[in-house]
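Asks: If it helps, the file is called start06.txt and holds compact mmCIF, C-alpha atoms and all ligand atoms:
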```txt
# COMPACT_ATOMS: atom_id res chain seq x y z
CA LEU A 1 -22.88 63.02 66.48
CA THR A 2 -21.96 65.11 63.49
CA GLY A 3 -19.50 62.57 62.12
CA GLU A 4 -16.86 65.27 62.11
CA GLU A 5 -13.91 65.16 64.51
CA PRO A 6 -13.50 68.46 66.35
CA ASN A 7 -10.41 70.34 65.19
CA LEU A 8 -8.46 70.45 68.46
CA SER A 9 -5.92 72.88 67.12
CA ALA A 10 -8.67 75.36 66.34
CA VAL A 11 -10.00 74.97 69.89
CA SER A 12 -6.71 75.31 71.78
CA GLY A 13 -4.69 77.37 69.31
CA GLU A 14 -1.92 74.78 69.60
CA PRO A 15 -0.85 72.76 66.55
CA LEU A 16 -1.79 69.09 66.66
CA PRO A 17 0.87 66.47 67.40
CA CYS A 18 2.55 65.42 64.15
CA LEU A 19 1.75 61.77 64.77
CA ASN A 20 -1.92 62.67 64.35
CA VAL A 21 -1.42 64.40 61.03
CA LEU A 22 1.33 62.19 59.59
CA PRO A 23 0.38 61.49 56.00
CA ASN A 24 0.28 57.86 54.98
CA LEU A 25 3.89 57.07 54.50
CA GLY A 26 4.33 55.31 51.24
CA GLY A 27 6.75 52.54 52.16
CA PRO A 28 9.67 51.96 49.81
CA VAL A 29 11.45 55.11 48.60
CA ALA A 30 13.84 55.45 45.67
CA VAL A 31 17.49 55.36 46.66
CA ASP A 32 19.94 57.18 44.42
CA THR A 33 23.62 56.46 45.08
CA SER A 34 24.90 58.26 42.00
CA SER A 35 27.26 61.17 42.64
CA ALA A 36 25.82 64.40 43.99
CA ASP A 37 27.03 67.96 44.40
CA LEU A 38 26.99 69.72 47.77
CA ALA A 39 26.43 73.23 46.37
CA GLU A 40 23.53 71.98 44.27
CA GLU A 41 21.95 70.24 47.28
CA GLU A 42 22.32 73.47 49.26
CA ARG A 43 20.43 75.31 46.55
CA ARG A 44 17.71 72.68 46.54
CA HIS A 45 17.00 73.16 50.26
CA PRO A 46 16.12 76.80 50.99
CA GLU A 47 13.57 75.52 53.53
CA LEU A 48 16.36 74.45 55.90
CA LEU A 49 17.41 76.64 58.78
CA LEU A 50 21.18 77.08 58.97
CA GLY A 51 22.85 74.07 60.55
CA GLY A 52 20.70 71.55 58.68
CA ARG A 53 17.71 72.16 60.97
CA TRP A 54 14.06 71.84 60.07
CA ARG A 55 10.69 71.46 61.75
CA PRO A 56 7.18 71.10 60.37
CA VAL A 57 4.93 74.14 60.67
CA GLU A 58 1.61 72.33 60.41
CA CYS A 59 2.04 70.25 63.55
CA GLN A 60 3.96 69.87 66.79
CA ALA A 61 6.73 67.23 66.59
CA ARG A 62 6.86 64.97 69.63
CA GLN A 63 10.65 64.92 69.92
CA LYS A 64 13.58 66.99 68.78
CA VAL A 65 16.00 64.69 66.99
CA ALA A 66 19.75 65.17 66.53
CA ILE A 67 21.18 63.05 63.73
CA ILE A 68 24.86 62.53 64.47
CA ILE A 69 27.23 61.50 61.68
CA PRO A 70 30.82 60.48 62.47
CA TYR A 71 32.91 61.68 59.58
CA ARG A 72 36.29 61.78 57.88
CA SER A 73 37.33 61.66 54.21
CA ARG A 74 33.98 60.68 52.73
CA ALA A 75 33.54 63.81 50.62
CA SER A 76 31.71 61.98 47.83
CA GLN A 77 29.21 60.36 50.23
CA LEU A 78 28.27 63.55 52.09
CA PRO A 79 26.12 65.12 49.30
CA ILE A 80 24.55 61.74 48.44
CA PHE A 81 23.55 61.33 52.08
CA MET A 82 22.13 64.86 52.31
CA ARG A 83 20.21 64.50 49.04
CA HIS A 84 18.51 61.39 50.39
CA MET A 85 18.02 62.29 54.03
CA HIS A 86 16.47 65.76 54.08
CA PRO A 87 13.42 64.81 52.00
CA PHE A 88 13.14 61.52 53.92
CA LEU A 89 13.17 63.21 57.35
CA GLN A 90 10.82 65.99 56.28
CA LYS A 91 8.30 63.53 54.97
CA GLN A 92 8.23 62.04 58.47
CA LEU A 93 7.42 65.52 59.87
CA LEU A 94 10.37 65.45 62.26
CA ASP A 95 11.87 68.34 64.17
CA TYR A 96 15.51 67.54 63.43
CA GLY A 97 19.06 68.71 62.90
CA ILE A 98 21.98 66.98 61.22
CA PHE A 99 25.37 67.21 62.92
CA VAL A 100 28.49 66.04 61.08
CA VAL A 101 31.34 65.41 63.52
CA GLU A 102 34.66 65.33 61.69
CA GLN A 103 37.81 63.91 63.24
CA ALA A 104 40.91 66.04 62.55
CA GLY A 105 44.39 64.55 62.13
CA ASN A 106 45.65 61.19 60.92
CA GLU A 107 45.08 58.91 63.90
CA SER A 108 42.92 55.86 63.32
CA PHE A 109 39.25 56.73 63.08
CA ASN A 110 37.42 56.62 66.41
CA ARG A 111 33.71 56.27 65.67
CA GLY A 112 32.63 55.87 69.29
CA MET A 113 34.46 58.99 70.40
CA LEU A 114 32.94 61.04 67.59
CA MET A 115 29.48 59.84 68.62
CA ASN A 116 30.12 60.91 72.22
CA ILE A 117 31.33 64.30 71.06
CA GLY A 118 28.35 64.64 68.73
CA ALA A 119 26.00 63.92 71.62
CA LEU A 120 27.67 66.43 73.95
CA GLU A 121 27.97 69.18 71.33
CA SER A 122 24.61 68.76 69.58
CA VAL A 123 22.62 69.08 72.81
CA LYS A 124 24.31 72.45 73.36
CA LEU A 125 22.99 73.62 69.98
CA CYS A 126 19.58 71.92 69.98
CA PRO A 127 17.42 70.94 72.96
CA CYS A 128 17.22 67.47 71.44
CA GLU A 129 15.98 64.55 73.50
CA CYS A 130 16.54 61.92 70.83
CA LEU A 131 19.96 61.05 69.42
CA ILE A 132 20.23 59.16 66.16
CA PHE A 133 23.72 57.85 65.48
CA HIS A 134 24.09 57.35 61.75
CA ASP A 135 26.80 56.04 59.46
CA ILE A 136 27.10 58.23 56.39
CA ASP A 137 27.16 55.32 53.96
CA LEU A 138 23.68 54.03 54.86
CA LEU A 139 20.52 55.23 53.13
CA PRO A 140 17.12 54.13 54.46
CA GLU A 141 14.91 52.49 51.84
CA ASP A 142 11.50 52.73 53.52
CA ASP A 143 9.86 55.86 54.93
CA ARG A 144 7.90 53.83 57.51
CA ASN A 145 11.24 53.40 59.32
CA LEU A 146 10.51 56.30 61.69
CA TYR A 147 13.51 58.30 62.86
CA ALA A 148 12.36 58.78 66.45
CA CYS A 149 13.33 57.43 69.86
CA ARG A 150 11.22 54.88 71.70
CA GLU A 151 11.09 53.71 75.31
CA GLN A 152 14.08 51.47 74.60
CA PRO A 153 17.18 52.01 72.43
CA LEU A 154 16.25 51.28 68.84
CA HIS A 155 18.35 49.62 66.16
CA LEU A 156 17.12 51.12 62.89
CA SER A 157 19.45 49.49 60.35
CA VAL A 158 18.47 45.84 60.49
CA ALA A 159 18.68 44.75 56.87
CA TYR A 160 21.36 45.94 54.41
CA ASN A 161 21.54 45.26 50.70
CA THR A 162 25.16 44.21 51.27
CA PHE A 163 24.05 41.50 53.74
CA ASN A 164 21.24 40.30 51.46
CA TYR A 165 18.85 42.10 53.79
CA LYS A 166 19.57 39.71 56.66
CA LEU A 167 20.78 40.60 60.14
CA PRO A 168 24.46 39.55 60.17
CA TYR A 169 24.21 38.31 63.80
CA GLU A 170 21.59 38.47 66.52
CA ASP A 171 23.25 41.17 68.67
CA PHE A 172 24.26 43.37 65.72
CA PHE A 173 23.80 47.04 66.68
CA GLY A 174 25.84 48.77 63.95
CA GLY A 175 24.87 51.40 61.43
CA VAL A 176 21.96 53.49 62.71
CA ASN A 177 20.60 53.69 66.29
CA ALA A 178 18.06 55.92 68.03
CA ILE A 179 18.64 56.47 71.76
CA LEU A 180 17.07 58.88 74.22
CA VAL A 181 19.64 61.32 75.64
CA GLY A 182 18.81 60.06 79.15
CA HIS A 183 19.57 56.46 78.18
CA PHE A 184 22.76 57.44 76.40
CA ARG A 185 23.94 59.20 79.56
CA GLN A 186 22.84 56.27 81.71
CA VAL A 187 25.04 53.80 79.76
CA ASN A 188 27.91 56.34 79.67
CA GLY A 189 27.79 56.57 75.88
CA PHE A 190 30.23 54.74 73.64
CA SER A 191 33.70 53.63 74.69
CA ASN A 192 36.41 56.06 73.55
CA LYS A 193 38.97 53.30 73.23
CA PHE A 194 38.07 51.65 69.94
CA TRP A 195 40.57 53.04 67.42
CA GLY A 196 40.05 51.75 63.89
CA TRP A 197 37.15 49.78 62.50
CA GLY A 198 34.90 47.45 64.49
CA GLY A 199 33.63 46.56 67.93
CA GLU A 200 32.49 49.91 69.39
CA ASP A 201 28.89 49.17 68.36
CA ASP A 202 28.99 45.70 69.98
CA ASP A 203 30.37 47.34 73.12
CA LEU A 204 27.50 49.86 73.14
CA ALA A 205 24.99 47.02 72.83
CA ASN A 206 26.65 45.37 75.85
CA ARG A 207 26.44 48.64 77.81
CA ILE A 208 22.74 48.90 77.04
CA LYS A 209 22.00 45.35 78.21
CA TYR A 210 24.24 45.69 81.29
CA HIS A 211 22.17 48.68 82.40
CA GLY A 212 18.93 46.72 82.19
CA LEU A 213 17.76 48.32 78.93
CA SER A 214 16.92 46.32 75.85
CA ILE A 215 17.34 46.85 72.14
CA SER A 216 14.23 47.10 70.01
CA ARG A 217 13.95 46.83 66.24
CA ASN A 218 11.40 47.48 63.54
CA PRO A 219 10.53 44.60 61.23
CA ALA A 220 13.26 43.75 58.72
CA ASN A 221 11.01 44.56 55.75
CA ILE A 222 10.91 48.20 56.93
CA SER A 223 14.42 48.64 58.39
CA ARG A 224 16.10 48.26 55.03
CA TYR A 225 19.18 50.20 53.94
CA THR A 226 21.33 50.64 50.87
CA MET A 227 25.02 50.92 51.65
CA ILE A 228 27.01 53.29 49.43
CA LYS A 229 30.02 51.39 48.09
CA HIS A 230 33.42 52.38 49.47
CA GLU A 231 36.84 51.04 50.47
CA LYS A 232 36.97 48.98 53.67
CA GLU A 233 38.30 50.77 56.74
CA LYS A 234 41.36 49.40 58.55
CA PRO A 235 40.11 47.05 61.29
CA ASN A 236 41.25 47.36 64.86
CA PRO A 237 43.20 44.15 65.61
CA HIS A 238 42.28 44.33 69.33
CA ARG A 239 38.55 44.75 68.83
CA PHE A 240 37.35 41.26 69.81
CA GLU A 241 39.43 41.23 73.01
CA MET A 242 38.26 44.76 73.82
CA VAL A 243 34.60 43.80 73.42
CA ARG A 244 35.17 40.79 75.72
CA SER A 245 36.81 42.91 78.42
CA GLY A 246 34.54 45.90 77.90
CA GLN A 247 32.45 45.61 81.07
CA GLY A 248 35.41 46.65 83.23
CA ARG A 249 35.41 50.03 81.46
CA PHE A 250 31.70 50.84 81.31
CA THR A 251 31.76 53.36 84.16
CA SER A 252 35.23 54.86 83.64
CA ASP A 253 35.39 55.13 79.84
CA GLY A 254 32.70 56.87 77.84
CA LEU A 255 30.70 60.06 77.76
CA ASN A 256 32.19 61.00 81.14
CA SER A 257 35.81 60.72 80.00
CA VAL A 258 35.96 61.80 76.35
CA GLN A 259 38.85 64.21 75.74
CA TYR A 260 38.62 66.49 72.72
CA ARG A 261 38.93 69.99 71.44
CA VAL A 262 36.37 71.64 69.20
CA LEU A 263 38.46 73.21 66.44
CA ASP A 264 35.55 74.69 64.51
CA VAL A 265 31.76 74.72 64.43
CA GLN A 266 29.95 75.93 61.33
CA PRO A 267 26.20 75.99 60.87
CA ARG A 268 26.13 75.16 57.15
CA ARG A 269 22.97 74.96 55.08
CA LEU A 270 22.67 71.15 55.04
CA TYR A 271 24.25 70.30 58.39
CA THR A 272 26.16 71.63 61.36
CA TRP A 273 29.85 70.88 60.90
CA ILE A 274 31.73 70.12 64.12
CA TYR A 275 35.46 69.71 63.57
CA VAL A 276 37.28 68.09 66.49
CA GLY A 277 40.73 67.13 67.63
CA VAL A 278 40.67 63.97 69.72
CA LYS A 279 43.24 62.77 72.19
CA PRO A 280 45.20 59.95 70.56
CA PRO A 281 45.74 56.64 72.39
CA ARG A 282 48.76 56.42 74.68
C1 LIG B 301 31.30 42.97 63.37
C2 LIG B 301 31.96 44.14 64.06
C3 LIG B 301 30.98 45.28 64.20
C4 LIG B 301 30.41 45.64 62.80
C5 LIG B 301 29.81 44.39 62.17
C6 LIG B 301 29.25 44.62 60.78
O1 LIG B 301 32.21 41.94 63.22
O2 LIG B 301 31.64 46.39 64.76
O3 LIG B 301 30.82 43.38 62.10
O4 LIG B 301 30.08 45.42 60.04
N1 LIG B 301 32.42 43.72 65.39
C7 LIG B 301 33.71 43.48 65.65
O5 LIG B 301 34.58 43.60 64.82
C8 LIG B 301 34.05 43.03 67.05
S1 LIG B 301 29.72 45.93 58.60
O6 LIG B 301 29.89 44.80 57.73
O7 LIG B 301 28.37 46.44 58.63
O8 LIG B 301 30.65 47.00 58.27
O9 LIG B 301 29.44 46.65 62.89
```
Could you quickly redo this structure as C-alpha cells?
Ligand code: NGS

Replies:
Amino acid sequence: LTGEEPNLSAVSGEPLPCLNVLPNLGGPVAVDTSSADLAEEERRHPELLLGGRWRPVECQARQKVAIIIPYRSRASQLPIFMRHMHPFLQKQLLDYGIFVVEQAGNESFNRGMLMNIGALESVKLCPCECLIFHDIDLLPEDDRNLYACREQPLHLSVAYNTFNYKLPYEDFFGGVNAILVGHFRQVNGFSNKFWGWGGEDDDLANRIKYHGLSISRNPANISRYTMIKHEKEKPNPHRFEMVRSGQGRFTSDGLNSVQYRVLDVQPRRLYTWIYVGVKPPR
C-alpha cells in the first residue's frame, strides 16, 4: 500500500464523477436581496454558455439539471435571483441550465401550467433528467442543499425566513422541488387548472403520493431560504375545493393536456427565456 489513491481519471481518461471531487461545501452562504442589475450580472458571468448553461470541466456531473422558473412581472427579482444562483449552483459542480418561462397576457397567473411548459420545452433544449421547479423569490441559504434529483421527489425549500424557518404544514410542497423527468411524466405533471395563487403545489404533492411515490426532504437546518419581499399575488378562490377534487383530474389534466404557444425563445446570457401564450380558462 502506497497510501495514495490511484487517480482513476488518469487511468481511464474519463473525468471523475463530481460527487468524488466536490469540495467541502461551506454551509451557510451570504444572501443579498438588495437590488441588482441584469446587464451587470451578465458581465459578471462570461463563464456561462448562452442560455444560462454551465458545466464543470474538472469532473463529470451525475445529472443534467434544468432549473425552471415560472415568471411574470418580477423584473426586480430576476437579477437578484441570477446574482445568487449562478455562483451557488457552480459551487455545487452541477451541469445545469436556467429556464425562465414567462406567461404572456393578462390572465391570472398559472404557475402549474408554466412548470409543465418549462418541463416540455427545457428537455428539448437540454437532455436534462432532473427538473428543479423554483420560485423566483426564494434564495437558498446553505450550499449543502444540493440541487440534484434523488430516487424520490425532493422538497428543497423546507424552512423560510418568512415562516420563522418552520414548515408551515406537514404536506407543504411549495417553493422549490427536484423531480426526475420520469417521475414528473408518471404523475402527469402539474394541473393546468389552477389560475391565480395557491393550491397547485398541494395538488402536485397529492399526485406524487397517489402514484406510490413519496416526498423526501433535507434537514430543515440545511433547506433554508430567504424570500425576497414582494406584493401578495391574488389568490384563487376555488383552490381548496380544487385540491379536494383533484384526484378526478390526475390522468386527464396535466403534462398530457397543456395547451400553449411558444411566442419566443431566447438563449440569453443568464438564462433561456421562454415566452408563452397559454389557453385561458373557459
Ligand atoms: C397554502 C397554499 C399553497 C402555498 C402555501 C404557502 O395555503 O399553495 O399555502 O404559501 N395552498 C392552498 O392555498 C390550497 S406561501 O406562504 O409560501 O406563499 O404554497

Asks: Here is a test: counting all atoms listed in the file, which residue of A:Ser35, A:Asn106, A:Asn236, A:Asn164 is nearest to ligand LIG 301 (chain B)?

Replies: A:Asn236

Asks: Could you tell me which of A:Gly118, A:Gly112, A:Pro127, A:Gly254 comes closest to ligand LIG 301 (chain B) if we count only C-alpha atoms and all ligand atoms?

Replies: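 Checking each candidate against ligand LIG 301 (chain B), we get A:Gly112 as the closest.
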
Asks: Measuring atom to atom with only C-alpha atoms, identify which of A:Trp54, A:Tyr260, A:Tyr210, A:Phe109 is nearest to Asn188 of chain A.

Replies: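 Ranked by minimum distance to Asn188 of chain A, first place goes to A:Tyr210.
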
Asks: Choose the residue, out of A:Ile208, A:Val278, A:Val262, A:Leu138, that has the smallest atom-to-atom separation from ligand LIG 301 (chain B); count all atoms listed in the file.

Replies: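 Of all the options, A:Leu138 lies closest to ligand LIG 301 (chain B).
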
Asks: With distances taken over all atoms listed in the file, which residue among A:Leu180, A:Asn24, A:Asp135, A:Gly97 lies nearest Pro153 of chain A?

Replies: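 Using all atoms listed in the file, Pro153 of chain A sits closest to A:Leu180.
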
Asks: Throw together the list of residues within 8 Å of ligand LIG 301 (chain B), counting all atoms listed in the file, and drop it here as a PyMOL selection string.

Replies: chain A and resi 163+168+172-175+197-202+235-236+239-240+243

Asks: List the spatial neighbours of Gln92 of chain A as a PyMOL selection string - criterion: any atom at most 10 Å away, all atoms listed in the file, same-chain residues fewer than 5 positions off excluded.

Replies: chain A and resi 18-19+22-25+56+61+87+143-148

Asks: At a cut-off of 8 Å, using all atoms listed in the file, what residues contact Tyr165 of chain A? Leave out same-chain residues fewer than 5 positions from it and give the result as a list in words.

Replies: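 In the requested form, the answer reads Val158, Ala159, Tyr160, Ala220 and Arg224 of chain A.
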
Asks: I'd like the neighbourhood of Glu40 of chain A as a list in words, where a residue qualifies if any of its atoms comes within 12 Å (using all atoms listed in the file), though same-chain residues fewer than 4 positions away should be ignored.

Replies: Ser35, Ala36, Arg44, His45, Pro46, Pro79, Ile80, Met82, Arg83, Arg269 and Leu270 of chain A

Asks: Quick one: residues within 10 Å of Phe250 of chain A, only C-alpha atoms, excluding same-chain residues fewer than 5 positions away - as a PyMOL selection string?

Replies: chain A and resi 187-191+203-204+206-207+210-211+245+255

Asks: With all atoms listed in the file as the counted atoms, please give the residues lying no more than 12 Å from Gly105 of chain A, apart from itself and same-chain residues fewer than 6 positions off, as a short mmCIF file (atom, residue, chain, number, x, y, z; two decimals) with C-alpha atoms, keeping the file's coordinate frame.

Replies:
```
data_model
loop_
_atom_site.label_atom_id
_atom_site.label_comp_id
_atom_site.auth_asym_id
_atom_site.auth_seq_id
_atom_site.Cartn_x
_atom_site.Cartn_y
_atom_site.Cartn_z
CA ARG A 72 36.29 61.78 57.88
CA SER A 73 37.33 61.66 54.21
CA LEU A 263 38.46 73.21 66.44
CA TYR A 275 35.46 69.71 63.57
CA VAL A 276 37.28 68.09 66.49
CA GLY A 277 40.73 67.13 67.63
CA VAL A 278 40.67 63.97 69.72
CA LYS A 279 43.24 62.77 72.19
CA PRO A 280 45.20 59.95 70.56
#
```

Asks: Rank A:Gln60, A:Ser108, A:Asn116, A:Ser223 by their smallest atom-to-atom distance to Val181 of chain A, using all atoms listed in the file, and report the top residue only.

Replies: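 The answer is A:Asn116, which sits nearest to Val181 of chain A.
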
Asks: Mind giving me the straight-line distance from atom CA of Val21 of chain A to atom CA of Phe88 of chain A in Å, one decimal?

Replies: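 These two atoms are separated by 16.5 Å.
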
Asks: May I ask you to restore N, CA and C atoms in segment 166-183 of chain A and write the result as a PDB file, in the coordinates of the input?

Replies:
```pdb
ATOM      1  N   LYS A 166      19.699  40.570  55.476  1.00  0.00           N
ATOM      2  CA  LYS A 166      19.570  39.710  56.660  1.00  0.00           C
ATOM      3  C   LYS A 166      20.466  40.265  57.762  1.00  0.00           C
ATOM      4  N   LEU A 167      19.973  40.184  58.991  1.00  0.00           N
ATOM      5  CA  LEU A 167      20.780  40.600  60.140  1.00  0.00           C
ATOM      6  C   LEU A 167      22.045  39.746  60.167  1.00  0.00           C
ATOM      7  N   PRO A 168      23.252  40.379  60.230  1.00  0.00           N
ATOM      8  CA  PRO A 168      24.460  39.550  60.170  1.00  0.00           C
ATOM      9  C   PRO A 168      24.626  38.651  61.412  1.00  0.00           C
ATOM     10  N   TYR A 169      24.207  39.146  62.585  1.00  0.00           N
ATOM     11  CA  TYR A 169      24.210  38.310  63.800  1.00  0.00           C
ATOM     12  C   TYR A 169      23.215  38.913  64.783  1.00  0.00           C
ATOM     13  N   GLU A 170      22.726  38.097  65.693  1.00  0.00           N
ATOM     14  CA  GLU A 170      21.590  38.470  66.520  1.00  0.00           C
ATOM     15  C   GLU A 170      21.798  39.784  67.287  1.00  0.00           C
ATOM     16  N   ASP A 171      23.005  39.984  67.836  1.00  0.00           N
ATOM     17  CA  ASP A 171      23.250  41.170  68.670  1.00  0.00           C
ATOM     18  C   ASP A 171      23.777  42.363  67.874  1.00  0.00           C
ATOM     19  N   PHE A 172      23.743  42.276  66.565  1.00  0.00           N
ATOM     20  CA  PHE A 172      24.260  43.370  65.720  1.00  0.00           C
ATOM     21  C   PHE A 172      23.562  44.688  66.063  1.00  0.00           C
ATOM     22  N   PHE A 173      24.362  45.734  66.309  1.00  0.00           N
ATOM     23  CA  PHE A 173      23.800  47.040  66.680  1.00  0.00           C
ATOM     24  C   PHE A 173      24.482  48.154  65.882  1.00  0.00           C
ATOM     25  N   GLY A 174      25.086  47.787  64.748  1.00  0.00           N
ATOM     26  CA  GLY A 174      25.840  48.770  63.950  1.00  0.00           C
ATOM     27  C   GLY A 174      24.945  49.589  63.040  1.00  0.00           C
ATOM     28  N   GLY A 175      25.523  50.642  62.491  1.00  0.00           N
ATOM     29  CA  GLY A 175      24.870  51.400  61.430  1.00  0.00           C
ATOM     30  C   GLY A 175      24.090  52.614  61.889  1.00  0.00           C
ATOM     31  N   VAL A 176      22.858  52.382  62.325  1.00  0.00           N
ATOM     32  CA  VAL A 176      21.960  53.490  62.710  1.00  0.00           C
ATOM     33  C   VAL A 176      21.200  53.105  63.982  1.00  0.00           C
ATOM     34  N   ASN A 177      21.303  53.935  65.010  1.00  0.00           N
ATOM     35  CA  ASN A 177      20.600  53.690  66.290  1.00  0.00           C
ATOM     36  C   ASN A 177      19.915  54.959  66.772  1.00  0.00           C
ATOM     37  N   ALA A 178      18.772  54.794  67.410  1.00  0.00           N
ATOM     38  CA  ALA A 178      18.060  55.920  68.030  1.00  0.00           C
ATOM     39  C   ALA A 178      17.990  55.697  69.541  1.00  0.00           C
ATOM     40  N   ILE A 179      18.544  56.637  70.298  1.00  0.00           N
ATOM     41  CA  ILE A 179      18.640  56.470  71.760  1.00  0.00           C
ATOM     42  C   ILE A 179      18.258  57.778  72.446  1.00  0.00           C
ATOM     43  N   LEU A 180      17.411  57.691  73.440  1.00  0.00           N
ATOM     44  CA  LEU A 180      17.070  58.880  74.220  1.00  0.00           C
ATOM     45  C   LEU A 180      18.335  59.394  74.915  1.00  0.00           C
ATOM     46  N   VAL A 181      18.459  60.727  75.005  1.00  0.00           N
ATOM     47  CA  VAL A 181      19.640  61.320  75.640  1.00  0.00           C
ATOM     48  C   VAL A 181      19.827  60.738  77.047  1.00  0.00           C
ATOM     49  N   GLY A 182      18.729  60.582  77.780  1.00  0.00           N
ATOM     50  CA  GLY A 182      18.810  60.060  79.150  1.00  0.00           C
ATOM     51  C   GLY A 182      19.403  58.658  79.192  1.00  0.00           C
ATOM     52  N   HIS A 183      19.016  57.814  78.246  1.00  0.00           N
ATOM     53  CA  HIS A 183      19.570  56.460  78.180  1.00  0.00           C
ATOM     54  C   HIS A 183      21.035  56.477  77.777  1.00  0.00           C
TER      55      HIS A 183
END
```
